[in-house]
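One structure is given here, and the rest of the page talks about it.
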Number of protein chains: 2
Amino acid sequence: MNSPGSTKERILSAAELLFAQRGFDGASLRQLTTTAGVNLAAVNYHFGSKEKLVEQVFRRRLDALNAHRLAELAKVTGNEQGTLEEVLSAYIRPALELSHEGNGALFMRVLARAFAEHDDTLRQFLSENYGHVMRQFTAEFARLLPQLSKDELYWRIDLVTGALTHAMSGFGMIQRKRDVSEEAHREQTAQHLTRFAVAGLSHP
Amino acid sequence: MNSPGSTKERILSAAELLFAQRGFDGASLRQLTTTAGVNLAAVNYHFGSKEKLVEQVFRRRLDALNAHRLAELAKVTGNEQGTLEEVLSAYIRPALELSHEGNGALFMRVLARAFAEHDDTLRQFLSENYGHVMRQFTAEFARLLPQLSKDELYWRIDLVTGALTHAMSGFGMIQRKRDVSEEAHREQTAQHLTRFAVAGLSHP
DNA sequence: CGTATGCTCAAACGATCGTTTGAACTGGCC
DNA sequence: GGCCAGTTCAAACGATCGTTTGAGCATACG
């Protein structure tokens with residue numbers, strides 16, 4: 001059905017690559033199916049349309065990512081409130097792990113593009129399917145930072161989100177050095193991100 | 001020549017609007033010229049190609065923005081070193097003012113799209129034409145935060161940049177409320193951004 | 001074996017894209 | 001008026017887009 005080498009999976013992987021490189025409009029179905037080594041008509045046969053293919057590219061990664069995030073959050077809020085660092089870690093690390101496994105980094109670029117698109121259809125899709133995750137984390141932040149007004153809290157979460165999106169999509173100038181292992185680099189990134197986010201959220 | 005109602009200016013404004021709404025690929029020259037109320041061929045006559053039109057859209061805003069930034073930076077570093085807040089303010093406020101004047105907010109969305117594109121041509125253009133501005137601010141931050149290693153400083157600047165881009169391009173959920181004047185909202189935004197950036201840059 | 005089902009294929013569809021062309025129009029200057 | 005450079009115009013160019021079609025192939029089941 002969905003074996004790794006199946007037509008559907010090969011289309012999804014090629015789509016992720018080309019959407020990341022050239023954007024949703026910029027990547028044509030002809031380039032895409034050539035890259036995937038499948039027939040042009042296969043996209044419309046398996047997915048119905050290019051737009052539905054885009055949706056599936058998101059689903060494949062985000063379902064796993066957000067499940068992972070909620071699981072991590074549940075761990076640290078199980079018996080008592082977790083610390084701010086722990087809650088942030090539950091939010092950051094699953095994304096970082098995704099962005100370093102296989103072609104996950106490509107997907108992060110796709111996600112960043114989607115944010116930039118400001119496309120209402122896509123934003124609604126993200127909100128409907130994954131909004132509850134963000135709400136759960138926001139509620140946790142509110143408990144951990146009771147001194148902040150609602151306004152102030154939203155501002156800070158908003159700015160932290162910007163920093164995270166930026167860092168995780170690889171916009172920045174920071175690159176892994178040759179003498180640092182991938183895992184060490186991820187750990188470094190996670191720590192920088194977490195410390196930065198803690199400072200941004202909880203400063204007086 | 002370049003009067004506000006000239007064909008060239010009307011094309012540039014329509015381009016800014018449609019590039020912000022639909023992206024560089026998504027906005028066609030036919031939509032664009034119809035919106036501007038000019039003939040289809042006018043774009044290629046006045047700009048040479050669609051790609052060169054894109055470049056001019058950037059030049060029109062970024063020349064002014066970065067000149068403004070450097071002027072503000074010169075003010076606070078004139079006699080003695082400015083404070084971290086002052087230097088950040090020199091970086092943030094010109095962008096905020098641009099994003100609140102006329103259709104400047106549209107341009108900020110265009111800019112955010114460009115970042116997401118990861119297009120090397122465009123990135124090279126930005127680096128060649130405006131890279132010296134970023135270098136000058138980075139040098140100032142290095143002077144003001146001598147306790148940070150080069151690595152650590154770059155990390156923090158990178159994350160702050162993400163937050164600023166995010167906030168200034170209007171991704172976030174923060175919206176001006178009806179009972180707050182535009183200028184008051186800009187002032188509020190500037191203060192949130194600056195305090196957040198200070199915390200992110202200078203935390204222990 | 002026969003046939004039904006799921007999938008792949010080459011080919012074509014109409015639409016839309018960026019760009020080019022050559023004629024028509026505009027204003028100022030001799 | 002007559003000319004000329006600058007600009008606008010409708011029309012067309014070839015290329016490429018997403019999608020559809022109908023024939024052909026494979027595999028599994030009666």
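In the structure tokens, chains take letters A, B, ... by order of appearance, with residues numbered from 1 within each chain and ligands from 1 in the order shown.
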
inquiry  = At a cut-off of 12 Å, which residues of chain A touch chain D? Count only C-alpha atoms (C1' of nucleotides) and give the answer as a VMD selection string.
reply    = chain A and resid 25 to 31 40 to 45 48 to 51

Return as a Markdown table the residues of chain C lying at most 12 Å from chain A, together with the closest atom-to-atom pair for each and the distance in Å to one decimal, counting only C-alpha atoms (C1' of nucleotides), with rows in chain order and ascending residue number.
| residue | atom | partner | partner_atom | distance |
| --- | --- | --- | --- | --- |
| C:DG6 | C1' | A:Tyr45 | CA | 10.9 |
| C:DC7 | C1' | A:Ala42 | CA | 8.9 |
| C:DT8 | C1' | A:Asn39 | CA | 7.0 |
| C:DC9 | C1' | A:Asn39 | CA | 6.9 |
| C:DA10 | C1' | A:Asn39 | CA | 9.5 |
| C:DA11 | C1' | A:Ala41 | CA | 11.3 |

Could you dump the residues just selected with C-alpha atoms (C1' of nucleotides) as a PDB file, in the first residue's frame?
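Writing done, so here's result.pdb:
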ATOM      1  C1'  DG C   6      -5.583  -1.330  -9.734  1.00  0.00           C
ATOM      2  C1'  DC C   7      -2.222   1.017 -11.841  1.00  0.00           C
ATOM      3  C1'  DT C   8       0.806   3.077 -15.619  1.00  0.00           C
ATOM      4  C1'  DC C   9       1.458   5.072 -19.852  1.00  0.00           C
ATOM      5  C1'  DA C  10       1.771   8.401 -24.097  1.00  0.00           C
ATOM      6  C1'  DA C  11      -0.864  11.795 -25.968  1.00  0.00           C
TER       7       DA C  11
END

request  = Take atom CA of Val57 of chain B and atom CA of Leu12 of chain B and report the distance between them in Å, one decimal.
outcome  = 6.0 Å

request  = Give me the residues within 12 Å of Lys150 of chain B as a ChimeraX atom specification, counting only C-alpha atoms (C1' of nucleotides) and dropping any in the same chain fewer than 6 places off.
outcome  = /A:174 /B:138-139,141-143,156-157

inquiry  = For a quick test of understanding: name the residues of chain B lying within 10 Å of chain A when counting only C-alpha atoms, and present them as a ChimeraX atom specification.
reply    = /B:20-26,109-119,151-152,154-167,169-174,189,192-193,195-204

Ser99 of chain B environment, 10 Å, only C-alpha atoms (C1' of nucleotides), sequence neighbours closer than 4 positions dropped, as a ChimeraX atom specification = /B:93-95,103-109,168-170,186

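The interatomic distance for the pair atom CA of Thr83 of chain A and atom CA of Leu96 of chain A works out to 19.7 Å.
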
ask   = Quick one: DSSP helix (DSSP H, G or I) residues in segment 72-174 of chain A, as a ChimeraX atom specification?
value = /A:72-76,84-100,104-117,120-144,150-168

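Distance-wise, atom CA of Leu148 of chain A and atom CA of Thr194 of chain A end up 19.2 Å apart.
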